[in-house]
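What follows is a short report on a single structure.
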Amino acid sequence: MKLKGLRGTSHLGAIGLALLVGLTACTSKPTRVAEAPAPAKPQPPAPGLPVLDPTVSPCDNFYLHACGIWMKENPIPADQSRWGTFQRLADQNQGVLRTILEDAVANPKPETAKIAAFYAACIDEAAVETKGLAPLQPTLSRIDALRNKQQLGALVGTLHDQGVGAFFSFGRMQKFSDAVQTIAVADQGGLGLPDRDFYFKDDPKSKEQRAAYLAHITRMFTLAGDTPTTAAARANTVMVLETKLADASMTRVERRDPNKRNNPTTFKAFAKKHEGFDWAAYVKASGAPAFTDMNVGNPGFFKSLEQVLKSTPLDELKTYLRWQTLRAAAPWLPKAVAEENFDFYGRTLSGTKEQRPRWKRCVAATDGALGEDLGKYFVAKTFGPEHKARMQGMVKDLLDAFTDRFGALDWMGSATQVKAREKLGAIATKIGYPEKWQDYTALSVAPDDLLGNVFRAAAFDRRDSLSHIGKPRDPSEWGMTPPTVNAYYSPQQNNINFPAGILQPPFFDFSADDAYNYGAIGAVIGHEITHGFDDQGRKYAGDGNLSNWWTEDDGKKFEDKAQCLVDQYGGYTAVEGVNLNGKQTLGENTADNGGLSIALAALKKHLGPKVPEKIGGLTAEQRAFYGWAHIWCSQSRPEARRLQALTDPHSLPEFRVNGTVSNMKEFAAAFNCKPTDPMVRGDKACKVW
């Protein structure tokens with residue numbers, strides 16, 4: 001899942017019949033000459049389904065069978081690092097948002113004034129070029145004015161308030177031992193590369209990317225006015241300091257264990273333990289209220305950070321802060337800076353050929369800054385009460401099927417089952433959009449101040465978030481904006497969330513039958529429910545508290561079954577020399593396998609004893625499996641595949657499809673696969689839920 005922030009969006013347009021071009025006008029003759037009819041395009045076998053590749057057996061490679069033609073017909077656009085159904089639907093949603101925003105700019109109204117002003121300031125590239133780096137100068141001047149390390153606390157608090165991620169992260173969370181309570185949390189952070197491991201890997205590609213990062217920092221400092229020699233020296237300073245922060249950071253796999261991140265303390269004790277940094281000044285500058293309780297996600301990180309701050313000369317700390325500020329502001333600065341930023345983070349790391357058009361970047365920025373204000377109009381155009389009602393029915397079916405599944409497990413004892421059912425019964429659901437929209441009255445937006453708008457929006461969002469510290473959790477809050485093509489489960493809220501953005505074809509298709517929809521959005525629902533019982537979610541009780549409600553024997557059985565998935569997915573190769581990380585992707589793989597299995601069970605229960613008619617020659621079970629494959633049709637550039645394998649908890653799409661169905665006897669039965677077929681793991685099949 002991805003939570004609130006500046007984000008992009010993803011459509012799968014309906015595949016229509018091909019038009020035959022019958023006649024061509026000839027300028028040299030008064031008559032028309034008929035052309036030979038174009039060959040008919042292959043058609044999907046049923047509404048909602050992809051066009052299937054008959055040259056690939058579903059039992060040999062289900063992903064290529066279901067998605068091969070889709071990939072041929074949908075090459076990756078130059079402004080994308082990957083292109084799939086998620087990205088196409090997001091692209092469609094961005095088009096809807098663009099229409100809303102352009103109308104708001106052209107037809108001023110009080111209720112749309114803020115989204116119009118933000119978008120207008122962003123889309124005015126000429127004004128951005130004219131202003132140059134001047135809008136950033138006040139922040140850079142504050143860094144330059146730093147006279148001693150005692151002033152660092154207040155300065156870093158101000159930078160964090162503007163969305164500059166320097167040194168560490170600070171925010172709010174639900175208390176591990178009492179999830180109703182909201183407390184402050186300090187955690188590791190402050191890196192410019194995607195992951196701490198990027199600073200240490202010795203393979204040629206990693207070394208190449210570190211060299212490219214160093215060159216990128218150098219060019220950014222040069223664009224900010226430094227001489228080439230000074231810029232190179234400062235880039236090296238940044239790299240040395242960030243490497244120290246990376247060395248103190250936990251790995252992604254380590255952070256999957258919430259017990260390692262559960263380190264409660266008080267603000268007074270934390271500040272006293274790390275007196276080298278003025279934490280009181282930091283909290284005041286960051287806009288947080290006074291508080292007592294807090295959590296430290298990685299205590300060792302702050303011990304190391306204190307040594308870094310103590311041993312690093314003040315000028316070098318200022319250089320690092322200057323870099324982090326440039327990095328945060330780069331997308332909203334003149335073209336030369338924005339292009340340099342894209343060249344590294346887009347081209348080098350992800351393989352993207354071109355920047356997205358400015359309107360797309362500005363739509364995404366407006367969604368990130370004023371997501372619920374903009375989201376109201378998106379929902380009005382795309383999401384009706386009939387969508388919500390049908391989703392509610394499917395969620396109920398999936399929850400009922402999961403309840404039945406507990407009773408069918410031969411490895412979970414009755415005591416653990418009771419607790420599992422209690423947790424399942426406590427899961428809350430949010431569909432489409434918030435019941436109460438965010439009030440943006442306090443956010444100042446100007447139609448001629450892009451960077452100021454970005455900084456003020458970051459401060460508004462951060463201060464609104466921090467204002468919850470010391471208060472009970474708000475179950476009505478959303479972590480995604482309505483147009484987002486995604487869904488998520490919150491272990492400390494114990495709820496599943498489905499924004500309106502994903503509740504459209506091909507994920508949720510009113511024109512398709514139940515079988516397709518249960519395989520598509522039904523499996524997504526099942527996926528999110530299963531997150532409550534994956535390697536992380538199972539450590540939380542139904543009230544959201546971190547709690548071991550498993551018997552020792554059942555916990556061991558779960559770990560044994562989960563290890564099967566670790567081994568299976570760890571054997572899949574993303575790019576040459578890089579396999580998936582089975583431990584890093586365990587939660588998502590558990591959710592994929594459990595989600596699709598539960599969705600099939602829910603479909604069978606929904607259909608009842610009567611065998612449904614075939615549609616397009618396909619059984620209901622086959623259509624459900626095709627629905628699952630369809631939502632993952634995608635292709636990525638090699639750089640993006642590598643980056644995802646190294647940093648993302650989600651497996652690559654082809655492994656999400658093939659890895660899941662090859663574990664299911666229902667798939668082998670539906671497609672009459674032989675025990676020796678590649679899509680049949682047989683005795684090696686993994687199954688947790």
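Scheme for the structure tokens: letters A, B, ... for chains in order shown; per-chain residue numbers from 1; ligand numbers from 1 in order shown.
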Worksheet entry | Those in region 264-396 of chain A with helix (DSSP H, G or I) from DSSP, as a ChimeraX atom specification | /A:267-273,279-286,299-311,314-332,335-350,358-382,385-396
Hey, what does DSSP flag as strand (DSSP E or B) within region 404-579 of chain A? Can you give it to me as a compact mmCIF listing (two decimals) with C-alpha atoms, in the first residue's frame?
# COMPACT_ATOMS: atom_id res chain seq x y z
CA ALA A 428 -14.19 -2.51 9.59
CA THR A 429 -14.60 -1.51 5.96
CA LYS A 430 -14.35 1.85 4.20
CA ILE A 431 -15.43 2.07 0.56
CA GLY A 432 -15.02 4.84 -1.97
CA PRO A 472 -7.90 8.84 20.49
CA TYR A 488 -4.94 -1.11 1.93
CA TYR A 489 -5.32 -2.81 5.29
CA SER A 490 -4.41 -1.00 8.52
CA ASN A 495 -9.84 -2.00 8.70
CA ILE A 496 -9.81 -2.54 4.95
CA ASN A 497 -10.01 0.45 2.62
CA PHE A 498 -10.98 0.71 -1.05
CA PRO A 499 -10.79 4.18 -2.67
CA TYR A 540 -2.00 -7.62 16.06
CA LEU A 546 0.30 -5.62 19.22
CA THR A 573 14.39 -14.01 -10.91
CA ALA A 574 13.51 -10.37 -11.55
CA VAL A 575 16.53 -9.46 -13.68
CA VAL A 578 18.58 -10.25 -8.77
CA ASN A 579 15.92 -12.57 -7.36
Worksheet item: Using only C-alpha atoms, which of A:Asp124, A:Asp648, A:Glu111, A:Glu242 sits nearest Lys376 (chain A)?
Response: A:Glu111
Any chance you could tabulate, as CSV, the residues of region 446-549 of chain A at most 6 Å from region 176-184 of chain A with each one's nearest atom pair and distance in Å to one decimal, using only C-alpha atoms, in chain and rising number order?
residue,atom,partner,partner_atom,distance
A:Ile469,CA,A:Ile183,CA,5.0
A:Gly470,CA,A:Thr182,CA,5.4
A:Lys471,CA,A:Thr182,CA,5.6
A:Pro472,CA,A:Gln181,CA,4.8
A:Arg473,CA,A:Val180,CA,5.3
A:Gln492,CA,A:Ala179,CA,5.8
A:Gly544,CA,A:Ala179,CA,5.4
A:Asn545,CA,A:Ser177,CA,5.2
A:Leu546,CA,A:Phe176,CA,5.3
Selection from above, N, CA and C atoms, as a CSV table (one decimal), in the first residue's frame, can you write it?
chain,number,residue,atom,x,y,z
A,469,ILE,N,-1.8,13.8,18.0
A,469,ILE,CA,-1.0,13.2,19.1
A,469,ILE,C,-1.6,13.5,20.4
A,470,GLY,N,-1.8,12.5,21.3
A,470,GLY,CA,-2.4,12.6,22.6
A,470,GLY,C,-3.9,12.4,22.5
A,471,LYS,N,-4.5,12.2,21.3
A,471,LYS,CA,-5.9,12.0,21.2
A,471,LYS,C,-6.2,10.6,20.8
A,472,PRO,N,-7.5,10.2,21.0
A,472,PRO,CA,-7.9,8.8,20.5
A,472,PRO,C,-7.8,8.8,19.0
A,473,ARG,N,-7.6,7.6,18.4
A,473,ARG,CA,-7.6,7.5,17.0
A,473,ARG,C,-8.9,7.9,16.3
A,492,GLN,N,-3.4,-1.5,12.8
A,492,GLN,CA,-3.7,-0.9,14.1
A,492,GLN,C,-5.1,-0.3,14.1
A,544,GLY,N,-6.4,-3.9,17.4
A,544,GLY,CA,-5.3,-3.2,16.8
A,544,GLY,C,-4.1,-3.2,17.7
A,545,ASN,N,-4.2,-3.8,18.9
A,545,ASN,CA,-3.0,-3.8,19.8
A,545,ASN,C,-2.0,-4.9,19.3
A,546,LEU,N,-0.7,-4.6,19.5
A,546,LEU,CA,0.3,-5.6,19.2
A,546,LEU,C,0.2,-6.7,20.3
Worksheet item: Using only C-alpha atoms, which residue out of A:Gly522, A:Gly413, A:Gly582, A:Gly659 lies closest to Phe558 (chain A)?
Response: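 Closest candidate: A:Gly413.
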Practice prompt. Please identify all polymer residues within 9 Å of Leu223 (chain A), counting only C-alpha atoms, omitting same-chain residues fewer than 4 positions from it, and present them as an NGL selection string.
Written response: :A and (218-219 or 336-337)
Quick one: write out the picked residues with C-alpha atoms as a PDB file, in the first residue's frame?
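And here's part-v9.pdb as it stands now:
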ATOM      1  CA  THR A 218      27.224  17.430  -7.971  1.00  0.00           C
ATOM      2  CA  ARG A 219      25.123  18.683 -10.883  1.00  0.00           C
ATOM      3  CA  ALA A 336      16.884  22.522 -15.703  1.00  0.00           C
ATOM      4  CA  VAL A 337      16.614  21.466 -12.048  1.00  0.00           C
TER       5      VAL A 337
END
Fill in: Minimum-distance residue to Ala500 (chain A), chosen among A:Pro482, A:Pro110, A:Pro138, A:Pro75 (using only C-alpha atoms)
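Of the candidates, the smallest distance to Ala500 (chain A) is held by A:Pro482.
The spacing separating CA of Leu466 (chain A) from CA of Ala288 (chain A) amounts to 5.3 Å.
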Worksheet entry | Within 9 Å of Arg538 (chain A) using only C-alpha atoms, minus same-chain residues under 2 positions, as a PyMOL selection string | chain A and resi 420+491+531-536+540-541+547-550
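Residue neighbourhood of Ala640 (chain A), excluding near-sequence residues (fewer than 3 positions): Gln80, Ser81, Arg82, Gly346, Arg347, Thr348, Leu349, Ser350, Gly351, Thr352, Ala574, Val575, Gln635, Ser636, Arg637, Leu643, Gln644, Ala645 and Leu646 of chain A, at 10 Å, using only C-alpha atoms.
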Would you save the residues of that selection, restricted to C-alpha atoms, as a short mmCIF file (atom, residue, chain, number, x, y, z; two decimals), in the first residue's frame?
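Printed below is out.cif as written:
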data_model
loop_
_atom_site.label_atom_id
_atom_site.label_comp_id
_atom_site.auth_asym_id
_atom_site.auth_seq_id
_atom_site.Cartn_x
_atom_site.Cartn_y
_atom_site.Cartn_z
CA GLN A 80 6.38 5.43 -17.58
CA SER A 81 8.77 2.94 -15.98
CA ARG A 82 6.06 0.28 -15.96
CA GLY A 346 13.40 8.60 -13.27
CA ARG A 347 15.89 7.55 -15.95
CA THR A 348 18.77 6.08 -13.96
CA LEU A 349 16.86 4.28 -11.22
CA SER A 350 13.65 3.37 -13.07
CA GLY A 351 14.52 3.48 -16.78
CA THR A 352 11.81 6.01 -17.65
CA ALA A 574 13.51 -10.37 -11.55
CA VAL A 575 16.53 -9.46 -13.68
CA GLN A 635 5.34 -4.86 -18.10
CA SER A 636 8.29 -2.96 -16.67
CA ARG A 637 11.60 -1.61 -17.83
CA LEU A 643 14.30 -1.45 -8.27
CA GLN A 644 11.04 -3.20 -7.39
CA ALA A 645 12.79 -6.45 -6.53
CA LEU A 646 15.19 -4.65 -4.21
#
Discussion item. Taking only C-alpha atoms into account, name the residue in A:Ala670, A:Ala154, A:Leu321, A:Leu193 that is nearest to Ala620 (chain A).
Written reply: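 Smallest distance to Ala620 (chain A) is found for A:Ala670.
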